[in-house]
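What follows is one structure encoded as structure tokens, with my remarks underneath.
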Amino acid sequence: MPENSPNPKDSLSVPWSDMACFVRQLSHDLRNDLNALELQSAYIAELTEDQELQNEIKRLREVVSAVNSTLKRLSGAVGEITPNVISYRAPELLADMRAEIDRKFSNNRAEINWNVQLQDVVLRVDPQLLQEVFVEIFANAFQHDRGNGALLAIASIDNDRFLFTLHEPKPAFDSATQNWGRKPLQNISQRHYGLGLNRVRAIVEAHGGELQAHYDPKASALVSTVTLPVERAL
């Protein structure tokens with residue numbers, strides 16, 4: 001073996017639970033330091049009446065606030081999933097979800113075609129957590145190499161399952177989809193850490209559901225699917 005080649009025995013495997021615990025603790029510690037910096041900045045601002053210095057302090061506090069928010073989101077992305085479920089009629093769930101999507105992506109509402117064929121059934125869900133799921137799926141569709149054309153969102157009931165699919169135009173797609181949402185930290189860029197789909201999958205599975213994706217070459221579309229169990233029909 002060449003002198004500088006990696007030794008397989010030197011590779012390190014860390015359980016995801018340990019990694020998540022580390023990220024949460026690191027985020028907590030850094031946010032404490034940032035809070036102290038914020039308080040110190042506020043105190044310094046009170047010591048001067050110089051407008052230029054006041055403006056610089058304001059910008060500093062904005063940077064601190066932005067970093068604090070990033071750390072909070074990062075900690076949440078690896079947080080434990082503990083759904084507080086309630087009974088929720090499927091049509092109401094979808095209506096609330098659509099309202100949140102319209103709010104979050106107000107500039108892109110015209111780029112979503114909806115096909116809703118829901119029966120009046122009841123689900124047992126945590127609406128706040130599921131809101132994260134749908135927002136993340138739509139955010140990914142709008143941000144990652146979308147092709148020409150609108151998104152197609154379909155909601156239906158099939159074999160006692162709530163079925164939601166999002167068809168995202170893509171002229172080409174070469175990523176594997178067999179373990180969709182099971183490979184965190186794979187696609188990292190500035191302020192994006194490859195944790196979104198992993199959390200989406202964890203939330204869906206915590207509800208007894210499934211997250212899947214496949215590429216349809218005939219339609220040139222990436223199809224993401226969320227299924228959730230139905231509690232009862234009305």
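Starting from 1 in every chain, residues are counted up; chains themselves are A, B, ... following the order of the structure tokens, and ligands are numbered from 1 as listed.
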Please list as a list of chain:residue names every residue within 12 Å of Gln186 (chain A), counting only C-alpha atoms and excluding residues in the same chain fewer than 3 positions away.
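That gives A:Ser175, A:Trp180, A:Gly181, A:Arg182, A:Lys183, A:Ser189, A:His192, A:Tyr193, A:Gly194, A:Leu195, A:Gly196, A:Leu197, A:Asn198.
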Any chance you can output those residues with N, CA, C and O atoms as an mmCIF file, in the first residue's frame?
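As written to disk, selection_38.cif reads:
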```cif
data_model
loop_
_atom_site.group_PDB
_atom_site.id
_atom_site.type_symbol
_atom_site.label_atom_id
_atom_site.label_comp_id
_atom_site.auth_asym_id
_atom_site.auth_seq_id
_atom_site.Cartn_x
_atom_site.Cartn_y
_atom_site.Cartn_z
ATOM 1 N N SER A 175 -29.400 11.312 -10.496
ATOM 2 C CA SER A 175 -29.181 10.921 -9.097
ATOM 3 C C SER A 175 -29.990 9.675 -8.760
ATOM 4 O O SER A 175 -31.082 9.459 -9.305
ATOM 5 N N TRP A 180 -34.087 7.634 -1.144
ATOM 6 C CA TRP A 180 -34.427 9.050 -1.148
ATOM 7 C C TRP A 180 -34.628 9.561 0.282
ATOM 8 O O TRP A 180 -35.422 9.034 1.037
ATOM 9 N N GLY A 181 -33.875 10.578 0.641
ATOM 10 C CA GLY A 181 -33.985 11.143 1.976
ATOM 11 C C GLY A 181 -33.212 10.393 3.040
ATOM 12 O O GLY A 181 -33.349 10.695 4.230
ATOM 13 N N ARG A 182 -32.406 9.441 2.641
ATOM 14 C CA ARG A 182 -31.636 8.653 3.608
ATOM 15 C C ARG A 182 -30.131 8.917 3.518
ATOM 16 O O ARG A 182 -29.330 8.142 4.046
ATOM 17 N N LYS A 183 -29.749 9.987 2.843
ATOM 18 C CA LYS A 183 -28.328 10.308 2.718
ATOM 19 C C LYS A 183 -28.107 11.768 3.073
ATOM 20 O O LYS A 183 -27.873 12.611 2.194
ATOM 21 N N SER A 189 -24.122 23.235 0.265
ATOM 22 C CA SER A 189 -23.756 24.496 -0.364
ATOM 23 C C SER A 189 -23.913 25.586 0.681
ATOM 24 O O SER A 189 -24.258 25.308 1.835
ATOM 25 N N HIS A 192 -26.878 25.790 3.088
ATOM 26 C CA HIS A 192 -27.678 24.586 2.860
ATOM 27 C C HIS A 192 -26.787 23.385 3.185
ATOM 28 O O HIS A 192 -25.687 23.263 2.636
ATOM 29 N N TYR A 193 -27.299 22.490 4.040
ATOM 30 C CA TYR A 193 -26.423 21.463 4.606
ATOM 31 C C TYR A 193 -26.885 20.026 4.320
ATOM 32 O O TYR A 193 -26.453 19.097 4.984
ATOM 33 N N GLY A 194 -27.740 19.862 3.340
ATOM 34 C CA GLY A 194 -28.132 18.518 2.940
ATOM 35 C C GLY A 194 -28.925 17.769 3.990
ATOM 36 O O GLY A 194 -28.806 16.543 4.092
ATOM 37 N N LEU A 195 -29.753 18.487 4.755
ATOM 38 C CA LEU A 195 -30.506 17.856 5.841
ATOM 39 C C LEU A 195 -32.015 17.877 5.615
ATOM 40 O O LEU A 195 -32.750 17.189 6.319
ATOM 41 N N GLY A 196 -32.478 18.653 4.636
ATOM 42 C CA GLY A 196 -33.910 18.840 4.469
ATOM 43 C C GLY A 196 -34.672 17.574 4.177
ATOM 44 O O GLY A 196 -35.650 17.241 4.865
ATOM 45 N N LEU A 197 -34.251 16.823 3.153
ATOM 46 C CA LEU A 197 -34.980 15.612 2.778
ATOM 47 C C LEU A 197 -34.876 14.539 3.860
ATOM 48 O O LEU A 197 -35.811 13.756 4.051
ATOM 49 N N ASN A 198 -33.764 14.498 4.552
ATOM 50 C CA ASN A 198 -33.627 13.528 5.633
ATOM 51 C C ASN A 198 -34.666 13.806 6.722
ATOM 52 O O ASN A 198 -35.292 12.877 7.264
#
```
Non-local contacts of Gly76 (chain A) (10 Å; only C-alpha atoms; under 6 positions in same chain excluded) as a PyMOL selection string:
chain A and resi 20+23-24+27+70+199
What is the CA of Asn84 (chain A) to CA of Glu210 (chain A) distance in Å?
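Interatomic distance, CA of Asn84 (chain A) to CA of Glu210 (chain A): 18.3 Å.
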Report, in Å to a single decimal, how far apart CA of Pro229 (chain A) and CA of Arg161 (chain A) are.
4.7 Å
Residue set, region 28-131 of chain A restricted to alpha helix (DSSP H), as a ChimeraX atom specification
/A:28-46,51-77,90-104,127-131
Emit the selected residues as an mmCIF file, in the first residue's frame, including C-alpha atoms.
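In the end it all went to again09.cif:
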```cif
data_model
loop_
_atom_site.group_PDB
_atom_site.id
_atom_site.type_symbol
_atom_site.label_atom_id
_atom_site.label_comp_id
_atom_site.auth_asym_id
_atom_site.auth_seq_id
_atom_site.Cartn_x
_atom_site.Cartn_y
_atom_site.Cartn_z
ATOM 1 C CA HIS A 28 -26.699 25.679 21.624
ATOM 2 C CA ASP A 29 -23.217 26.737 22.789
ATOM 3 C CA LEU A 30 -22.609 29.034 19.829
ATOM 4 C CA ARG A 31 -26.023 30.653 20.162
ATOM 5 C CA ASN A 32 -25.263 31.392 23.822
ATOM 6 C CA ASP A 33 -22.094 33.169 22.701
ATOM 7 C CA LEU A 34 -24.005 35.058 20.016
ATOM 8 C CA ASN A 35 -26.609 36.146 22.540
ATOM 9 C CA ALA A 36 -23.827 37.514 24.724
ATOM 10 C CA LEU A 37 -22.425 39.347 21.693
ATOM 11 C CA GLU A 38 -25.861 40.779 20.941
ATOM 12 C CA LEU A 39 -26.209 42.095 24.508
ATOM 13 C CA GLN A 40 -22.729 43.603 24.368
ATOM 14 C CA SER A 41 -23.530 45.293 21.057
ATOM 15 C CA ALA A 42 -26.699 46.755 22.509
ATOM 16 C CA TYR A 43 -24.737 48.085 25.468
ATOM 17 C CA ILE A 44 -22.093 49.664 23.218
ATOM 18 C CA ALA A 45 -24.847 51.315 21.166
ATOM 19 C CA GLU A 46 -26.062 53.032 24.320
ATOM 20 C CA GLN A 51 -24.773 58.094 13.930
ATOM 21 C CA GLU A 52 -22.179 56.363 11.759
ATOM 22 C CA LEU A 53 -21.108 54.172 14.645
ATOM 23 C CA GLN A 54 -24.742 53.477 15.483
ATOM 24 C CA ASN A 55 -25.311 52.303 11.900
ATOM 25 C CA GLU A 56 -22.306 49.981 12.054
ATOM 26 C CA ILE A 57 -23.509 48.505 15.336
ATOM 27 C CA LYS A 58 -26.940 47.953 13.799
ATOM 28 C CA ARG A 59 -25.401 46.052 10.888
ATOM 29 C CA LEU A 60 -23.330 43.989 13.313
ATOM 30 C CA ARG A 61 -26.433 43.053 15.275
ATOM 31 C CA GLU A 62 -28.191 42.046 12.034
ATOM 32 C CA VAL A 63 -25.295 39.710 11.186
ATOM 33 C CA VAL A 64 -25.418 38.181 14.670
ATOM 34 C CA SER A 65 -29.163 37.676 14.344
ATOM 35 C CA ALA A 66 -28.768 35.981 10.951
ATOM 36 C CA VAL A 67 -26.119 33.579 12.244
ATOM 37 C CA ASN A 68 -28.287 32.824 15.277
ATOM 38 C CA SER A 69 -31.223 31.994 12.997
ATOM 39 C CA THR A 70 -29.053 29.726 10.842
ATOM 40 C CA LEU A 71 -27.870 27.800 13.892
ATOM 41 C CA LYS A 72 -31.439 27.501 15.149
ATOM 42 C CA ARG A 73 -32.570 26.029 11.821
ATOM 43 C CA LEU A 74 -29.593 23.665 11.769
ATOM 44 C CA SER A 75 -30.375 22.423 15.263
ATOM 45 C CA GLY A 76 -34.008 21.941 14.309
ATOM 46 C CA ALA A 77 -33.056 20.018 11.174
ATOM 47 C CA ALA A 90 -57.834 15.273 4.686
ATOM 48 C CA PRO A 91 -59.522 18.122 2.737
ATOM 49 C CA GLU A 92 -58.809 20.545 5.594
ATOM 50 C CA LEU A 93 -55.211 19.384 5.825
ATOM 51 C CA LEU A 94 -54.680 19.982 2.131
ATOM 52 C CA ALA A 95 -56.413 23.376 2.230
ATOM 53 C CA ASP A 96 -54.180 24.507 5.092
ATOM 54 C CA MET A 97 -51.126 23.148 3.335
ATOM 55 C CA ARG A 98 -52.007 24.959 0.113
ATOM 56 C CA ALA A 99 -52.485 28.210 2.032
ATOM 57 C CA GLU A 100 -49.005 27.838 3.539
ATOM 58 C CA ILE A 101 -47.460 27.013 0.157
ATOM 59 C CA ASP A 102 -49.144 30.088 -1.342
ATOM 60 C CA ARG A 103 -47.769 32.201 1.494
ATOM 61 C CA LYS A 104 -44.228 30.804 1.373
ATOM 62 C CA PRO A 127 -50.069 19.574 11.202
ATOM 63 C CA GLN A 128 -47.038 21.690 12.085
ATOM 64 C CA LEU A 129 -44.571 18.919 11.269
ATOM 65 C CA LEU A 130 -46.360 18.014 8.046
ATOM 66 C CA GLN A 131 -46.238 21.658 7.055
#
```
Work out how far apart CA of Val125 (chain A) and CA of Arg89 (chain A) are and give it in Å to one decimal.
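Distance between the two atoms: 9.8 Å.
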Just want the 10 Å neighbourhood of Ser17 (chain A), counted on only C-alpha atoms, with same-chain residues fewer than 4 positions away dropped. Output as a list in words.
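Close residues of Ser17 (chain A): Cys21, Phe22, Val23, Val78, Gly79 and Glu80 of chain A.
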Dump N, CA and C atoms for the selected residues as a CSV table (one decimal), in the first residue's frame?
```csv
chain,number,residue,atom,x,y,z
A,21,CYS,N,-26.8,14.8,18.2
A,21,CYS,CA,-26.5,15.3,19.5
A,21,CYS,C,-25.4,16.4,19.5
A,22,PHE,N,-24.3,16.1,18.8
A,22,PHE,CA,-23.2,17.0,18.7
A,22,PHE,C,-23.6,18.3,18.0
A,23,VAL,N,-24.4,18.2,16.9
A,23,VAL,CA,-24.8,19.4,16.2
A,23,VAL,C,-25.7,20.3,17.1
A,78,VAL,N,-31.9,18.6,12.7
A,78,VAL,CA,-31.4,17.3,13.2
A,78,VAL,C,-32.1,16.9,14.6
A,79,GLY,N,-33.1,17.7,14.9
A,79,GLY,CA,-33.9,17.5,16.1
A,79,GLY,C,-34.7,16.2,16.1
A,80,GLU,N,-35.0,15.7,17.2
A,80,GLU,CA,-35.8,14.5,17.3
A,80,GLU,C,-37.3,14.8,16.8
```
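Residue nearest Ala155 (chain A) within the list A:Arg201, A:Val226, A:Ser106, A:Ser220: A:Val226 [criterion: smallest interatomic distance, only C-alpha atoms].
Among A:Ile203, A:Gln117, A:Ile157, A:Ala172, the residue with the shortest atom-to-atom distance to Ala219 (chain A), counting only C-alpha atoms, is A:Ala172.
DSSP, applied to the backbone of this structure, assigns strand (DSSP E) to the following residues of region 13-130 of chain A: Ile86, Ser87, Tyr88, Arg89, Ile112, Asn113, Trp114, Asn115, Val116, Gln117, Val121, Val122, Leu123, Arg124 and Val125 of chain A.
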